[in-house]
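All remarks here apply to the structure that follows.
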Amino acid sequence: MMSQKSERRSRLTTALLVAPAALFFVFLLVLPLLVVVVYSFGERAPAGGYAPAFTFSNYLNLPARGKAFFNTLTLAPLATLLTVLFAYPMAYFLAVKADVRWRLLLLALCIAPFWTSQLLRYYAWMMILGSKGIPSWLASIGIEGVRIINTPAAVLIGAVYGFLPLMIPPIYVSLEKLDRRLLEASADLGATPFRTFLQVTLPLSLPGVATGTMLVFILLMGDYILPQFLGGGMVFFIGNALVDLFLQSRNWPFGAAVSVALIAIMFVTIVVYMRFVLGHSGQRRVALV
Amino acid sequence: MQVYAALIYVFLYAPIGLIVFFSFNSGRYAMDWRGFSLHWYGSAFSNELIVSALATSLTIALSTATLASIIGTLAALGLERTKGWPRHAFDALIYVAIMVPSVVIGISTLIAFVTVFDTVNPLLESAAGRRAQMGTWTVIAAHVLFNIAVVILIVRARLTGMDRSLIEASEDLYATPLGTFRHVVLPLLLPSIVAGFLLSFTFSFEDFIIAFFVAGPDTTLPIYVFSSIRRGVTPEINAVGSVVLFVSLTLMLLAQFLMRSRAAPCSQ
């Protein structure tokens with residue numbers, strides 16, 4: 001009798017603890033996302049916004065924004081790959097070569113820029129890559145007519161800059177956990193350092209690479225500020241198309257269909273990642289910070 | 001290897017340094033150095049638009065961080081006692097909240113608010129003669145949603161690493177559940193709660209895209225910065241930016257430190 005009562009009480013406490021967060025999730029996340037799905041089958045109201053309907057025309061119309069999808073789905077993977085290539089040696093340095101006493105500080109210094117204003121950091125790159133930046137320095141040594149800003153190259157540079165801080169930590173974590181005895185064993189068996197790296201270190205650090213890759217890829221796909229500032233309307237992503245559709249042309253149902261398509265692509269990416277990477281390794285936690 | 005690492009640090013910090021450097025420029029144009037001056041700091045902080053945008057952003061960030069760290073901590077504690085499908089459903093929602101791009105969060109909350117206002121406003125108007133509209137509070141609501149998920153993840157990481165025997169010991173010594181929470185659990189969780197608070201504050205303070213959708217007529221600092229970058233900037237933006245960068249870098253290093261610090265009471 002007594003224990004039943006206390007169990008009920010404990011359940012009530014649990015429910016009360018979780019309730020506020022649950023309310024937020026239901027009313028500001030789940031229901032709104034469902035409304036977006038509903039909107040995606042609607043029609044644009046004459047004055048902009050949404051008018052109820054049931055049509056697939058918004059989805060059939062997606063190729064109208066094909067350029068945004070194409071840019072996102074080519075540049076985001078390419079930028080992610082470049083970020084891995086730059087991040088790996090840095091993570092290796094931090095996890096293996098750097099002085100143990102300074103390791104965490106050095107790592108924190110790599111991460112910190114990520115949490116400062118994106119707007120300001122990409123604005124800095126607008127200045128560096130803009131006509132008064134690198135192109136004018138190049139002109140002063142005789143290389144004229146270089147244009148970087150508003151090209152895919154500018155977006156790629158910006159992406160590497162923006163997402164290195166997010167790529168380094170997961171790779172660092174997987175390299176740091178690495179059992180040093182394996183490396184010694186490999187050396188004892190006569191492998192050259194390069195071969196040890198290729199056959200022992202690299203494969204064992206792949207889970208970290210995969211985690212970082214997924215994080216960066218997901219964030220890049222939904223990015224708005226980076227293509228807006230460094231692509232300047234010439235190189236635009238799905239995020240830019242969405243802002244345009246919702247705030248400028250006010251074609252909400254079509255914008256909703258584009259959002260659904262974006263989320264679907266991300267969802268597939270995550271599922272593939274879970275299947276192939278998490279299935280093969282023990283690493284589950286994502287080093288978000 | 002060391003050279004490479006040094007280059008990476010230069011790569012990461014030079015752009016930030018550039019913003020700070022040109023905030024001291026006496027000239028009017030970016031990338032055109034005309035000598036040292038503190039002029040733009042004075043002019044930025046006497047610009048009413050900037051000051052009010054800053055005040056709006058601080059209000060939003062402080063409210064968001066406070067609400068998110070309280071609600072998130074409570075939820076993390078509650079989830080620790082939950083098993084089965086409710087737990088899985090909640091975990092899924094946490095990841096959805098984090099993974100869905102900010103643009104889409106902005107869009108979906110915008111649609112949700114507009115829908116609610118459209119139904120509620122006729123009633124409100126006839127009953128109280130007022131209309132609900134978007135503004136600071138809708139931004140706070142959308143930010144809290146996202147940051148709850150962040151706080152839950154951080155606090156939960158700490159909770160799972162916590163020594164259960166301390167709680168049992170406290171119970172054996174006849175502490176009430178509330179007493180155990182106040183004297184044992186809360187002090188152990190505090191660093192992660194503070195870290196969650198700082199992260200939420202930064203996220204909210206830096207957010208541009210969600211606010212862009214749901215701020216209504218209000219202007220946050222990132223919205224102001226965004227529009228002035230599009231219009232062509234004055235070094236005022238560099239001055240404000242430098243202050244913001246300094247504050248956020250400090251907060252982030254502090255949060256990193258708190259999250260990585262070991263729980264001292266555990267080892268005693």
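Going by the structure tokens order, chains are called A, B, ..., each with residues numbered from 1, while ligands are numbered from 1 in the order shown.
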Next item on the list: Check every residue of chain A for an atom within 8 Å of chain B, counting only C-alpha atoms, and provide those that qualify as JSON, numbers by chain.
Entry: {"A": [13, 14, 15, 16, 17, 18, 19, 20, 21, 22, 24, 25, 28, 29, 31, 32, 33, 35, 36, 89, 90, 93, 108, 109, 110, 112, 113, 115, 116, 117, 118, 119, 120, 121, 123, 124, 125, 127, 128, 132, 133, 161, 218, 219, 222, 223, 224, 239, 242, 243, 246, 247, 259, 263, 289]}
Next item on the list: Just the residues within 8 Å of segment 122-137 of chain B, please, counting only C-alpha atoms, with nothing from its chain fewer than 5 positions along; format it as a count of residues only.
Entry: 9
Next item on the list: Using only C-alpha atoms, determine which residues lie at most 8 Å from segment 273-277 of chain A, disregarding the query and same-chain residues fewer than 5 positions distant; provide the list as number ranges by chain.
Entry: A: 207, 210, 214
Produce a file of the selected residues containing C-alpha atoms, as an mmCIF file, in the first residue's frame.
```cif
data_model
loop_
_atom_site.group_PDB
_atom_site.id
_atom_site.type_symbol
_atom_site.label_atom_id
_atom_site.label_comp_id
_atom_site.auth_asym_id
_atom_site.auth_seq_id
_atom_site.Cartn_x
_atom_site.Cartn_y
_atom_site.Cartn_z
ATOM 1 C CA PRO A 207 34.886 6.913 -36.169
ATOM 2 C CA ALA A 210 32.895 10.128 -39.446
ATOM 3 C CA MET A 214 28.430 14.236 -40.288
#
```
Checklist line | Contacts of Thr55 of chain A within 8 Å, only C-alpha atoms, excl. fewer than 4 positions in-chain, as a VMD selection string | finding: chain A and resid 41 to 43
With C-alpha atoms retained, write the just-selected residues as a PDB file, in the first residue's frame.
```
ATOM      1  CA  PHE A  41       0.723  20.474 -49.876  1.00  0.00           C
ATOM      2  CA  GLY A  42      -1.031  23.856 -49.934  1.00  0.00           C
ATOM      3  CA  GLU A  43      -1.185  26.767 -52.350  1.00  0.00           C
TER       4      GLU A  43
END
```
